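Structure file work-v2.cif; described as mmCIF, C-alpha atoms.
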data_structure
loop_
_atom_site.label_atom_id
_atom_site.label_comp_id
_atom_site.auth_asym_id
_atom_site.auth_seq_id
_atom_site.Cartn_x
_atom_site.Cartn_y
_atom_site.Cartn_z
CA MET A 104 -33.17 -3.46 10.79
CA THR A 105 -29.78 -1.71 10.66
CA PRO A 106 -27.18 -3.21 8.31
CA HIS A 107 -23.90 -4.26 9.89
CA ALA A 108 -20.71 -5.25 8.16
CA ASP A 109 -19.52 -8.87 8.12
CA PRO A 110 -17.24 -9.15 5.08
CA GLN A 111 -16.01 -12.62 6.03
CA ALA A 112 -19.56 -14.03 5.97
CA GLY A 113 -20.20 -12.24 2.69
CA ALA A 114 -17.09 -13.75 1.15
CA ALA A 115 -18.25 -17.24 2.16
CA VAL A 116 -21.70 -16.68 0.63
CA LYS A 117 -20.11 -15.39 -2.56
CA ALA A 118 -17.64 -18.27 -2.78
CA ALA A 119 -20.39 -20.89 -2.41
CA ASP A 120 -22.50 -19.10 -5.01
CA ARG A 121 -19.68 -18.96 -7.55
CA ALA A 122 -18.76 -22.59 -6.92
CA HIS A 123 -22.24 -24.08 -7.17
CA VAL A 124 -25.06 -21.75 -8.31
CA PHE A 125 -25.89 -21.66 -12.02
CA HIS A 126 -27.54 -18.29 -12.69
CA SER A 127 -30.30 -17.62 -15.20
CA TRP A 128 -29.85 -15.50 -18.36
CA SER A 129 -26.10 -15.21 -17.69
CA ALA A 130 -22.67 -16.16 -18.99
CA GLN A 131 -21.54 -17.81 -15.79
CA GLY A 132 -17.94 -16.65 -15.94
CA LEU A 133 -18.82 -13.01 -16.58
CA ILE A 134 -21.11 -12.26 -13.63
CA ASP A 135 -20.35 -10.95 -10.16
CA PRO A 136 -23.52 -11.31 -8.07
CA LEU A 137 -23.83 -9.15 -4.98
CA ALA A 138 -23.98 -11.12 -1.73
CA VAL A 139 -27.09 -9.85 0.08
CA ALA A 140 -27.19 -9.94 3.86
CA GLY A 141 -30.75 -8.77 4.47
CA ALA A 142 -33.71 -6.66 3.35
CA GLU A 143 -36.58 -4.75 4.87
CA GLY A 144 -39.25 -2.54 3.34
CA SER A 145 -37.85 -0.74 0.29
CA TYR A 146 -34.18 -1.49 1.09
CA PHE A 147 -31.64 -4.30 1.03
CA TRP A 148 -28.00 -4.40 2.10
CA ASP A 149 -24.80 -6.32 1.54
CA TYR A 150 -22.25 -7.80 3.95
CA ASP A 151 -20.07 -4.71 3.73
CA GLY A 152 -22.84 -2.63 5.28
CA ASN A 153 -23.86 -0.89 2.04
CA ARG A 154 -27.60 -0.23 1.89
CA TYR A 155 -29.53 0.14 -1.39
CA LEU A 156 -32.93 1.60 -2.14
CA ASP A 157 -34.48 -1.11 -4.33
CA PHE A 158 -36.00 0.50 -7.41
CA THR A 159 -36.43 -2.98 -8.93
CA SER A 160 -38.76 -4.53 -6.31
CA GLY A 161 -36.74 -7.73 -6.66
CA LEU A 162 -37.89 -8.55 -10.18
CA VAL A 163 -40.89 -6.22 -9.95
CA TYR A 164 -42.63 -8.38 -7.37
CA THR A 165 -42.07 -7.08 -3.83
CA ASN A 166 -45.16 -4.89 -4.12
CA ILE A 167 -45.48 -4.57 -0.32
CA GLY A 168 -41.73 -4.44 0.26
CA TYR A 169 -39.42 -6.95 1.92
CA GLN A 170 -40.17 -8.80 5.14
CA HIS A 171 -43.63 -7.45 5.89
CA PRO A 172 -44.22 -8.83 9.41
CA LYS A 173 -47.84 -9.87 8.80
CA VAL A 174 -46.95 -11.93 5.74
CA VAL A 175 -43.91 -13.47 7.41
CA ALA A 176 -46.09 -14.40 10.39
CA ALA A 177 -48.74 -15.94 8.11
CA ILE A 178 -46.13 -18.14 6.43
CA GLN A 179 -44.76 -19.21 9.83
CA GLU A 180 -48.24 -19.98 11.16
CA GLN A 181 -49.18 -21.98 8.07
CA ALA A 182 -45.93 -23.95 8.22
CA GLY A 183 -46.76 -24.95 11.78
CA ARG A 184 -50.33 -25.92 10.90
CA LEU A 185 -50.08 -27.59 7.46
CA ALA A 186 -46.82 -27.00 5.61
CA THR A 187 -47.84 -28.77 2.40
CA PHE A 188 -50.62 -30.79 0.85
CA ALA A 189 -51.38 -32.24 -2.59
CA PRO A 190 -53.36 -30.05 -5.03
CA ALA A 191 -56.27 -32.48 -5.48
CA PHE A 192 -57.59 -31.63 -2.02
CA ALA A 193 -59.48 -28.62 -0.70
CA VAL A 194 -57.37 -26.85 1.89
CA GLU A 195 -58.18 -23.57 3.60
CA PRO A 196 -55.34 -21.29 2.38
CA ARG A 197 -55.78 -22.45 -1.23
CA SER A 198 -59.54 -21.91 -1.17
CA GLU A 199 -59.22 -18.53 0.54
CA ALA A 200 -56.50 -17.30 -1.80
CA ALA A 201 -58.63 -18.27 -4.82
CA ARG A 202 -61.64 -16.50 -3.35
CA LEU A 203 -59.74 -13.29 -2.63
CA ILE A 204 -58.16 -13.24 -6.09
CA ALA A 205 -61.47 -13.93 -7.84
CA GLU A 206 -63.10 -11.08 -5.92
CA ARG A 207 -60.59 -8.68 -7.47
CA THR A 208 -60.33 -9.92 -11.04
CA PRO A 209 -62.53 -8.17 -13.61
CA GLY A 210 -65.70 -9.66 -15.06
CA ASP A 211 -66.40 -13.34 -14.56
CA LEU A 212 -62.81 -14.51 -14.11
CA ASP A 213 -63.88 -16.47 -11.06
CA LYS A 214 -62.00 -19.77 -11.38
CA ILE A 215 -58.33 -19.82 -10.40
CA PHE A 216 -55.78 -22.36 -11.59
CA PHE A 217 -52.65 -22.06 -9.46
CA THR A 218 -49.11 -22.43 -10.79
CA ASN A 219 -45.64 -21.90 -9.34
CA GLY A 220 -45.01 -18.68 -11.27
CA GLY A 221 -45.80 -16.52 -14.26
CA ALA A 222 -44.26 -18.61 -17.03
CA GLU A 223 -46.27 -21.68 -15.99
CA ALA A 224 -49.38 -19.50 -15.86
CA VAL A 225 -48.79 -18.49 -19.48
CA GLU A 226 -48.11 -22.11 -20.47
CA ASN A 227 -51.44 -23.20 -19.04
CA ALA A 228 -53.41 -20.23 -20.36
CA VAL A 229 -52.24 -21.03 -23.87
CA ARG A 230 -53.06 -24.72 -23.38
CA MET A 231 -56.56 -23.83 -22.17
CA ALA A 232 -57.12 -21.53 -25.16
CA ARG A 233 -56.01 -24.17 -27.65
CA LEU A 234 -58.16 -26.86 -26.06
CA HIS A 235 -61.16 -24.53 -25.79
CA THR A 236 -60.99 -23.45 -29.44
CA GLY A 237 -59.46 -26.51 -31.07
CA ARG A 238 -57.07 -24.16 -32.90
CA PRO A 239 -53.25 -24.23 -32.91
CA LYS A 240 -51.89 -20.70 -33.28
CA VAL A 241 -51.17 -17.99 -30.74
CA LEU A 242 -50.49 -14.36 -31.61
CA SER A 243 -48.24 -12.24 -29.40
CA ALA A 244 -46.45 -8.93 -29.67
CA TYR A 245 -42.87 -8.03 -30.32
CA ARG A 246 -41.57 -6.02 -27.36
CA SER A 247 -43.02 -8.46 -24.84
CA TYR A 248 -41.92 -10.95 -22.21
CA HIS A 249 -44.06 -13.88 -21.09
CA GLY A 250 -41.66 -16.27 -19.36
CA GLY A 251 -38.80 -18.70 -19.81
CA THR A 252 -40.56 -22.07 -20.21
CA ALA A 253 -41.03 -23.76 -23.59
CA THR A 254 -44.23 -22.10 -24.85
CA ALA A 255 -43.82 -18.89 -22.88
CA ILE A 256 -40.36 -18.17 -24.30
CA ASN A 257 -41.61 -18.71 -27.84
CA ILE A 258 -44.44 -16.27 -27.19
CA THR A 259 -41.95 -13.73 -25.83
CA GLY A 260 -40.93 -10.94 -28.20
CA ASP A 261 -37.47 -10.02 -26.92
CA PRO A 262 -33.98 -11.44 -27.69
CA ARG A 263 -34.17 -14.07 -24.96
CA ARG A 264 -36.44 -15.96 -27.33
CA TRP A 265 -33.91 -16.28 -30.13
CA ALA A 266 -31.73 -19.07 -28.71
CA ASN A 267 -34.82 -20.98 -27.55
CA ASP A 268 -37.06 -20.57 -30.60
CA ASN A 269 -37.53 -23.82 -32.48
CA GLY A 270 -39.96 -22.24 -34.93
CA THR A 271 -42.59 -24.93 -34.38
CA ALA A 272 -44.51 -23.57 -31.41
CA GLY A 273 -47.40 -22.18 -33.45
CA VAL A 274 -46.60 -18.61 -32.40
CA VAL A 275 -46.99 -15.59 -34.68
CA HIS A 276 -45.64 -12.19 -33.61
CA PHE A 277 -47.08 -8.80 -34.49
CA TRP A 278 -46.32 -5.18 -33.66
CA GLY A 279 -48.17 -3.69 -30.73
CA PRO A 280 -48.66 0.06 -30.32
CA PHE A 281 -45.74 2.18 -29.10
CA LEU A 282 -46.06 5.78 -30.24
CA TYR A 283 -42.58 6.92 -29.16
CA ARG A 284 -40.99 4.35 -31.50
CA SER A 285 -43.98 3.73 -33.74
CA PRO A 286 -43.62 0.99 -36.35
CA PHE A 287 -46.63 2.58 -38.08
CA TYR A 288 -45.22 6.12 -38.57
CA SER A 289 -47.99 7.53 -36.39
CA SER A 290 -47.92 11.03 -34.97
CA THR A 291 -50.84 10.76 -32.52
CA GLU A 292 -52.18 8.15 -30.11
CA ALA A 293 -55.36 7.89 -32.17
CA GLU A 294 -53.35 7.09 -35.31
CA GLU A 295 -51.20 4.58 -33.45
CA CYS A 296 -54.27 2.83 -32.07
CA GLU A 297 -56.04 2.65 -35.44
CA ARG A 298 -52.97 1.50 -37.36
CA ALA A 299 -51.94 -1.07 -34.75
CA LEU A 300 -55.42 -2.59 -34.78
CA THR A 301 -55.43 -2.66 -38.60
CA HIS A 302 -52.04 -4.38 -38.57
CA LEU A 303 -53.28 -6.97 -36.06
CA GLU A 304 -56.42 -7.67 -38.07
CA ASP A 305 -54.37 -7.98 -41.27
CA THR A 306 -52.06 -10.46 -39.51
CA ILE A 307 -55.06 -12.55 -38.46
CA ALA A 308 -56.49 -12.45 -41.97
CA PHE A 309 -53.27 -13.71 -43.54
CA GLU A 310 -52.73 -16.36 -40.86
CA GLY A 311 -56.33 -17.57 -41.15
CA PRO A 312 -58.72 -16.58 -38.36
CA GLN A 313 -59.92 -20.16 -38.03
CA THR A 314 -56.37 -21.22 -37.03
CA VAL A 315 -55.86 -18.67 -34.23
CA ALA A 316 -56.61 -19.87 -30.71
CA ALA A 317 -55.49 -16.84 -28.71
CA ILE A 318 -54.03 -13.38 -28.69
CA ILE A 319 -51.88 -12.77 -25.62
CA LEU A 320 -50.76 -9.32 -24.53
CA GLU A 321 -49.18 -7.85 -21.45
CA THR A 322 -51.83 -5.34 -20.39
CA ILE A 323 -49.00 -2.82 -19.98
CA PRO A 324 -45.78 -4.39 -21.30
CA GLY A 325 -43.25 -4.50 -18.48
CA THR A 326 -39.69 -5.63 -19.18
CA ALA A 327 -40.07 -4.49 -22.79
CA GLY A 328 -40.47 -0.87 -21.74
CA ILE A 329 -43.65 -0.06 -19.79
CA MET A 330 -45.52 1.14 -22.88
CA THR A 331 -49.08 2.03 -21.87
CA PRO A 332 -51.36 1.19 -24.82
CA PRO A 333 -53.26 4.11 -26.35
CA PRO A 334 -56.93 4.63 -25.49
CA GLY A 335 -59.13 2.18 -27.36
CA TYR A 336 -56.44 -0.34 -28.28
CA LEU A 337 -57.23 -3.11 -25.81
CA ALA A 338 -60.96 -2.60 -26.37
CA GLY A 339 -60.25 -2.98 -30.08
CA VAL A 340 -58.36 -6.22 -29.51
CA ARG A 341 -61.28 -7.47 -27.41
CA GLU A 342 -63.67 -6.72 -30.30
CA ILE A 343 -61.44 -8.49 -32.83
CA CYS A 344 -61.22 -11.56 -30.59
CA ASP A 345 -64.99 -11.63 -30.18
CA ARG A 346 -65.53 -11.35 -33.92
CA TYR A 347 -63.24 -14.26 -34.79
CA GLY A 348 -63.85 -16.50 -31.77
CA ILE A 349 -60.29 -15.96 -30.50
CA VAL A 350 -59.45 -16.24 -26.79
CA PHE A 351 -58.14 -12.94 -25.39
CA VAL A 352 -55.40 -13.48 -22.79
CA LEU A 353 -54.01 -10.65 -20.70
CA ASP A 354 -50.68 -11.23 -18.97
CA GLU A 355 -50.78 -9.35 -15.65
CA VAL A 356 -47.81 -11.15 -14.10
CA MET A 357 -45.91 -7.88 -13.70
CA ALA A 358 -48.67 -5.27 -13.95
CA GLY A 359 -51.12 -6.90 -11.54
CA PHE A 360 -51.76 -6.57 -7.82
CA GLY A 361 -51.40 -2.83 -7.41
CA ARG A 362 -48.37 -2.14 -9.57
CA THR A 363 -50.22 0.32 -11.81
CA GLY A 364 -52.39 1.85 -9.08
CA LYS A 365 -55.23 -0.62 -9.74
CA TRP A 366 -55.62 -4.19 -8.57
CA PHE A 367 -55.18 -5.16 -12.23
CA ALA A 368 -54.05 -2.94 -15.09
CA ALA A 369 -57.05 -4.06 -17.16
CA GLU A 370 -59.17 -1.79 -14.97
CA HIS A 371 -57.50 1.25 -16.54
CA PHE A 372 -58.91 0.22 -19.93
CA ASP A 373 -62.29 -1.21 -18.94
CA VAL A 374 -61.61 -4.54 -20.67
CA VAL A 375 -62.24 -8.09 -19.50
CA PRO A 376 -60.11 -10.86 -21.02
CA ASP A 377 -61.09 -14.52 -21.28
CA LEU A 378 -58.00 -15.58 -19.35
CA MET A 379 -55.68 -13.55 -17.14
CA THR A 380 -52.29 -14.68 -15.88
CA PHE A 381 -50.81 -13.45 -12.61
CA ALA A 382 -47.86 -14.09 -10.26
CA LYS A 383 -45.23 -11.84 -8.64
CA GLY A 384 -47.25 -9.30 -6.64
CA VAL A 385 -49.97 -11.81 -5.65
CA ASN A 386 -47.88 -12.52 -2.56
CA SER A 387 -44.99 -10.11 -3.10
CA GLY A 388 -42.81 -13.03 -4.16
CA TYR A 389 -42.43 -14.31 -0.59
CA VAL A 390 -43.19 -17.88 -1.75
CA PRO A 391 -43.39 -18.81 -5.48
CA LEU A 392 -46.98 -18.55 -6.77
CA GLY A 393 -48.76 -17.76 -10.01
CA GLY A 394 -51.97 -18.64 -11.71
CA VAL A 395 -54.61 -18.23 -14.37
CA ALA A 396 -57.94 -16.55 -13.74
CA ILE A 397 -60.48 -18.25 -16.00
CA SER A 398 -63.76 -17.04 -17.46
CA ALA A 399 -66.98 -19.00 -16.96
CA GLU A 400 -67.14 -20.02 -20.62
CA ILE A 401 -63.64 -21.47 -20.73
CA ALA A 402 -64.00 -23.10 -17.32
CA ALA A 403 -67.17 -24.83 -18.59
CA THR A 404 -65.12 -26.48 -21.34
CA PHE A 405 -63.59 -28.64 -18.63
CA ASP A 406 -66.72 -29.42 -16.62
CA LYS A 407 -66.99 -32.92 -18.10
CA ARG A 408 -63.69 -33.04 -19.96
CA PRO A 409 -60.55 -33.43 -17.85
CA TYR A 410 -58.08 -30.59 -18.08
CA PRO A 411 -54.77 -32.20 -19.16
CA GLY A 412 -52.44 -30.17 -17.00
CA GLY A 413 -51.26 -29.84 -13.44
CA LEU A 414 -48.37 -29.24 -11.09
CA THR A 415 -47.27 -31.02 -7.94
CA TYR A 416 -47.17 -27.73 -6.02
CA SER A 417 -50.25 -26.09 -7.54
CA GLY A 418 -51.73 -23.88 -4.83
CA HIS A 419 -49.03 -24.76 -2.29
CA PRO A 420 -50.34 -23.96 1.20
CA LEU A 421 -47.38 -21.78 2.17
CA ALA A 422 -47.61 -19.77 -1.06
CA CYS A 423 -51.37 -19.38 -0.74
CA ALA A 424 -51.14 -18.37 2.92
CA ALA A 425 -48.66 -15.69 1.81
CA ALA A 426 -51.12 -14.56 -0.87
CA VAL A 427 -54.00 -14.31 1.59
CA ALA A 428 -51.88 -12.28 4.00
CA THR A 429 -50.52 -10.06 1.20
CA ILE A 430 -53.97 -9.24 -0.18
CA ARG A 431 -55.25 -8.44 3.30
CA VAL A 432 -52.24 -6.20 3.98
CA MET A 433 -52.82 -4.43 0.68
CA GLU A 434 -56.43 -3.81 1.66
CA GLU A 435 -55.67 -2.72 5.23
CA GLU A 436 -52.80 -0.44 4.28
CA LYS A 437 -54.42 0.78 1.05
CA VAL A 438 -51.33 -0.17 -0.93
CA VAL A 439 -53.11 -0.01 -4.30
CA GLU A 440 -54.40 3.48 -3.62
CA HIS A 441 -50.97 4.49 -2.34
CA ALA A 442 -49.29 3.26 -5.54
CA ALA A 443 -51.70 5.37 -7.60
CA ARG A 444 -51.07 8.41 -5.43
CA ILE A 445 -47.26 8.09 -5.30
CA GLY A 446 -47.20 7.76 -9.08
CA GLU A 447 -49.42 10.76 -9.62
CA THR A 448 -47.86 13.10 -7.05
CA VAL A 449 -44.20 12.05 -6.69
CA LEU A 450 -42.80 9.56 -9.20
CA GLY A 451 -44.49 10.89 -12.35
CA PRO A 452 -43.84 14.60 -11.69
CA GLY A 453 -40.33 13.89 -10.37
CA LEU A 454 -39.30 11.80 -13.38
CA ARG A 455 -40.71 14.35 -15.82
CA GLU A 456 -38.79 17.10 -14.02
CA LEU A 457 -35.60 15.06 -14.43
CA ALA A 458 -36.36 14.69 -18.13
CA GLU A 459 -36.53 18.45 -18.51
CA ARG A 460 -32.99 18.82 -17.17
CA HIS A 461 -31.26 15.76 -18.60
CA PRO A 462 -30.84 15.51 -22.39
CA SER A 463 -30.30 11.74 -22.11
CA VAL A 464 -33.99 11.24 -21.21
CA GLY A 465 -36.05 10.89 -24.35
CA GLU A 466 -39.37 9.92 -22.81
CA VAL A 467 -40.93 9.25 -19.41
CA ARG A 468 -43.88 6.87 -19.34
CA GLY A 469 -45.81 4.93 -16.75
CA THR A 470 -48.38 4.96 -13.98
CA GLY A 471 -48.57 3.98 -10.31
CA ALA A 472 -45.25 2.43 -9.27
CA PHE A 473 -44.50 1.36 -12.84
CA TRP A 474 -42.32 3.83 -14.80
CA ALA A 475 -39.65 3.82 -17.50
CA LEU A 476 -37.09 6.35 -18.67
CA ASP A 477 -36.22 5.87 -22.35
CA LEU A 478 -32.59 7.02 -22.58
CA VAL A 479 -31.34 8.43 -25.88
CA ARG A 480 -28.23 9.79 -27.58
CA ASP A 481 -30.30 12.31 -29.49
CA ARG A 482 -33.75 13.55 -28.50
CA GLU A 483 -34.48 14.74 -32.02
CA THR A 484 -33.81 11.41 -33.74
CA ARG A 485 -34.70 9.33 -30.64
CA GLU A 486 -31.60 7.21 -31.21
CA PRO A 487 -31.31 4.92 -28.16
CA LEU A 488 -28.41 5.55 -25.79
CA VAL A 489 -27.16 2.06 -26.68
CA PRO A 490 -28.11 -0.19 -29.62
CA TYR A 491 -30.83 -2.82 -29.30
CA ASN A 492 -29.61 -5.79 -27.25
CA ALA A 493 -26.19 -4.21 -26.81
CA THR A 494 -23.45 -6.01 -24.88
CA GLY A 495 -19.85 -5.31 -23.93
CA GLU A 496 -18.38 -2.03 -25.13
CA ALA A 497 -21.53 -1.22 -27.10
CA ASN A 498 -23.41 -1.13 -23.80
CA ALA A 499 -20.87 1.06 -22.01
CA ALA A 500 -23.18 4.04 -21.60
CA MET A 501 -25.89 2.07 -19.80
CA ALA A 502 -23.29 0.20 -17.75
CA ALA A 503 -21.85 3.52 -16.58
CA PHE A 504 -25.31 4.82 -15.76
CA GLY A 505 -26.18 1.70 -13.77
CA ALA A 506 -22.91 1.86 -11.85
CA ALA A 507 -23.62 5.50 -10.99
CA CYS A 508 -27.03 4.55 -9.61
CA LYS A 509 -25.49 1.93 -7.33
CA LYS A 510 -22.73 4.30 -6.22
CA ASN A 511 -25.50 6.64 -5.05
CA GLY A 512 -27.30 3.89 -3.10
CA LEU A 513 -29.97 3.12 -5.70
CA TRP A 514 -30.37 -0.36 -7.17
CA PRO A 515 -31.68 0.19 -10.73
CA PHE A 516 -33.72 -1.91 -13.14
CA VAL A 517 -31.74 -1.39 -16.35
CA ASN A 518 -32.85 -3.06 -19.58
CA MET A 519 -31.59 -2.21 -23.06
CA ASN A 520 -31.56 1.62 -23.18
CA ARG A 521 -34.07 2.06 -20.37
CA MET A 522 -34.15 2.61 -16.65
CA HIS A 523 -37.34 1.26 -15.08
CA ALA A 524 -38.40 3.00 -11.88
CA VAL A 525 -40.36 0.20 -10.21
CA PRO A 526 -40.02 0.51 -6.42
CA PRO A 527 -42.34 -1.34 -4.05
CA CYS A 528 -45.92 -0.10 -4.32
CA SER A 529 -45.57 0.75 -0.63
CA VAL A 530 -42.58 3.05 -1.19
CA THR A 531 -42.89 6.18 0.95
CA GLU A 532 -42.78 9.70 -0.37
CA SER A 533 -39.40 10.33 1.23
CA GLU A 534 -38.00 7.08 -0.20
CA ALA A 535 -39.31 7.94 -3.66
CA LYS A 536 -37.67 11.37 -3.46
CA GLU A 537 -34.43 9.75 -2.29
CA GLY A 538 -34.55 7.55 -5.37
CA LEU A 539 -35.21 10.51 -7.65
CA ALA A 540 -32.21 12.35 -6.19
CA ALA A 541 -29.96 9.36 -6.85
CA LEU A 542 -31.35 9.12 -10.38
CA ASP A 543 -30.63 12.80 -10.91
CA ALA A 544 -26.95 12.24 -10.16
CA ALA A 545 -26.76 9.08 -12.30
CA LEU A 546 -28.42 10.75 -15.28
CA SER A 547 -25.60 13.30 -15.32
CA VAL A 548 -23.37 10.35 -16.20
CA ALA A 549 -25.76 9.26 -18.96
CA ASP A 550 -25.77 12.82 -20.30
CA GLU A 551 -22.05 12.50 -21.04
CA TRP A 552 -22.92 10.00 -23.78
CA VAL A 553 -25.42 12.24 -25.54
CA ALA A 554 -24.36 13.04 -29.10
#

Would you kindly transcribe this structure into structure tokens?
Amino acid sequence: MTPHADPQAGAAVKAADRAHVFHSWSAQGLIDPLAVAGAEGSYFWDYDGNRYLDFTSGLVYTNIGYQHPKVVAAIQEQAGRLATFAPAFAVEPRSEAARLIAERTPGDLDKIFFTNGGAEAVENAVRMARLHTGRPKVLSAYRSYHGGTATAINITGDPRRWANDNGTAGVVHFWGPFLYRSPFYSSTEAEECERALTHLEDTIAFEGPQTVAAIILETIPGTAGIMTPPPGYLAGVREICDRYGIVFVLDEVMAGFGRTGKWFAAEHFDVVPDLMTFAKGVNSGYVPLGGVAISAEIAATFDKRPYPGGLTYSGHPLACAAAVATIRVMEEEKVVEHAARIGETVLGPGLRELAERHPSVGEVRGTGAFWALDLVRDRETREPLVPYNATGEANAAMAAFGAACKKNGLWPFVNMNRMHAVPPCSVTESEAKEGLAALDAALSVADEWVA
């Protein structure tokens, strides 16, 4: 679809938004949301006719791009056949979506509890773990994001938690591995793995193993920086959980459904959790959907004992029909394999080449269609380009970089001192190269802030 300008319509959309829409994570009087007229594939456009290559995939969820005709058609067909139905019944799209998801999850994660999104998936995974073990505490990492609902935000390890943390949620935070900014003074991945596991086990010991219901980790942390764990770390966490009877939960809300070049990121590490949360890419965000994939042992806990949780729209037919169509499209078009290949042959090499030429890039890390540039003022000291959780003038360098991306037709995912390169998993080679060229120009702006 070709964008066409209609500024008057755009002004009306913007006026209604500013008058009535209350936006998340925002000071309402300080934001200026772009009025979007349409989207297709890897692009979206505004009412002034400006087109942007979306290197955010929405919020890292349009894994097959915008407006895929087969998924749109599936939603339309389902709406005409059975637009909605209560979750206590067996309906075809819900059953089929659960079957297709279970076929792709690792190990025996064969039961699927559907939610409306990722945060609710985390809420219910934690509830299941606590009920299964009879224990109260949950351990989660700093540098993490698990959602904005009551339990999920307390589990989260970034500043969005602070204003919402009542200190009574039974959550204990620990440091996960991150060699580039190691809290353990490690110099190798092997050291970082060993020391991070020791730190985790020490935390459990001092909290009391018999009080810990679950450890929850993003398989590859997303919003916090796309930090791939070192070899052996997740296997080590699995062993610790087994030894102490702790439920191991992997959060694959962002990393799942092809984002890392595998159906689930856990496949990179050959680990099987007890519970796995998902959302976003399960249906490319076309209709809200999330869920928990549940192991046989935990599912058996609720064979005779009612599970005390549920949602009115659990497994909504439209959302599930979108999931079925999305998974089939991903199979037919080999989207997962494509994400792996584009990461290995275009995005990874291209981003590393940019790092060689731009002193503002401290580190490139990622896999598949899931990459981050860690921007710095000084490569030697690794001082971030802006301070942690910077706002206003303190964030000027990243604001200038983000504006430069947009000026060059690239919509960036900017968080803290990082640029996340997370295009649709279906992004073409030419689109990826277009994005890299726009990044090249924008990084020249970031370089101006290097000490």

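Atom pair atom CA of A:Arg431 / atom CA of A:Pro172: separated by 12.6 Å.
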
**Asked** Hey, can you pull every residue with an atom no more than 9 Å from (-36.5, -8.7, -26.3), using all atoms listed in the file, and send it as a list in words?
**Response** Tyr245, Arg246, Ser247, Tyr248, Thr259, Gly260, Asp261, Pro262, Arg263, Arg264, Trp265, Thr326, Ala327, Tyr491, Asn492 and Met519 of chain A

**Item:** Spatial neighbours of A:Asn386, 7 Å, only C-alpha atoms, chain gap at least 4 places, as a PyMOL selection string
**Value:** chain A and resi 425-426+429

Do you know which residues the PyMOL selection byres ((chain A and resi 108) around 8) returns on this file, as a PDB file with C-alpha atoms, in the coordinates of the input?
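Wrote it out as result18.pdb, contents follow:
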ATOM      1  CA  PRO A 106     -27.180  -3.210   8.310  1.00  0.00           C
ATOM      2  CA  HIS A 107     -23.900  -4.260   9.890  1.00  0.00           C
ATOM      3  CA  ASP A 109     -19.520  -8.870   8.120  1.00  0.00           C
ATOM      4  CA  PRO A 110     -17.240  -9.150   5.080  1.00  0.00           C
ATOM      5  CA  ASP A 149     -24.800  -6.320   1.540  1.00  0.00           C
ATOM      6  CA  TYR A 150     -22.250  -7.800   3.950  1.00  0.00           C
ATOM      7  CA  ASP A 151     -20.070  -4.710   3.730  1.00  0.00           C
ATOM      8  CA  GLY A 152     -22.840  -2.630   5.280  1.00  0.00           C
TER       9      GLY A 152
END

With a cut-off of 12 Å, could you pull out the residues of stretch 142-169 of chain A touching stretch 437-448 of chain A and give me the nearest pair of atoms for each, distance in Å to one decimal, using all atoms listed in the file, ordered by chain and ascending number, as CSV?
residue,atom,partner,partner_atom,distance
A:Thr165,CA,A:Val438,CA,11.9
A:Asn166,CA,A:Val438,CA,8.4
A:Ile167,CA,A:Val438,CA,7.3
A:Gly168,CA,A:Val438,CA,10.6

**Message:** Need to verify the contact set: A:Arg346, 12 Å, only C-alpha atoms, exclusion of same-chain residues closer than 4 positions in sequence. Can you return it as a PyMOL selection string?
**Reply:** chain A and resi 304+307+312-313+339-342+350-351

**Prompt:** Which residues match the PyMOL selection byres ((chain A and resi 524-538) around 7) in the file above, as number ranges by chain?
**Reply:** A: 145, 156-160, 163, 165-168, 361-362, 438, 441-442, 445, 449-450, 472-475, 513, 516, 522-523, 539-542

Go ahead and save the picked residues with C-alpha atoms, as a CSV table (one decimal), in the frame of the given file.
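Below is the file that was written, result.csv:
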chain,number,residue,atom,x,y,z
A,145,SER,CA,-37.8,-0.7,0.3
A,156,LEU,CA,-32.9,1.6,-2.1
A,157,ASP,CA,-34.5,-1.1,-4.3
A,158,PHE,CA,-36.0,0.5,-7.4
A,159,THR,CA,-36.4,-3.0,-8.9
A,160,SER,CA,-38.8,-4.5,-6.3
A,163,VAL,CA,-40.9,-6.2,-10.0
A,165,THR,CA,-42.1,-7.1,-3.8
A,166,ASN,CA,-45.2,-4.9,-4.1
A,167,ILE,CA,-45.5,-4.6,-0.3
A,168,GLY,CA,-41.7,-4.4,0.3
A,361,GLY,CA,-51.4,-2.8,-7.4
A,362,ARG,CA,-48.4,-2.1,-9.6
A,438,VAL,CA,-51.3,-0.2,-0.9
A,441,HIS,CA,-51.0,4.5,-2.3
A,442,ALA,CA,-49.3,3.3,-5.5
A,445,ILE,CA,-47.3,8.1,-5.3
A,449,VAL,CA,-44.2,12.0,-6.7
A,450,LEU,CA,-42.8,9.6,-9.2
A,472,ALA,CA,-45.2,2.4,-9.3
A,473,PHE,CA,-44.5,1.4,-12.8
A,474,TRP,CA,-42.3,3.8,-14.8
A,475,ALA,CA,-39.6,3.8,-17.5
A,513,LEU,CA,-30.0,3.1,-5.7
A,516,PHE,CA,-33.7,-1.9,-13.1
A,522,MET,CA,-34.2,2.6,-16.6
A,523,HIS,CA,-37.3,1.3,-15.1
A,539,LEU,CA,-35.2,10.5,-7.6
A,540,ALA,CA,-32.2,12.4,-6.2
A,541,ALA,CA,-30.0,9.4,-6.8
A,542,LEU,CA,-31.4,9.1,-10.4

**Expansion of the PyMOL selection byres ((chain A and resi 226-243) around 8) into residues, as JSON, numbers by chain** = {"A": [222, 223, 224, 225, 244, 245, 247, 252, 253, 254, 255, 258, 259, 260, 273, 274, 275, 276, 277, 313, 314, 315, 316, 317, 318, 319, 320, 348, 349, 350, 352, 378, 379, 380, 395, 401, 404, 412]}
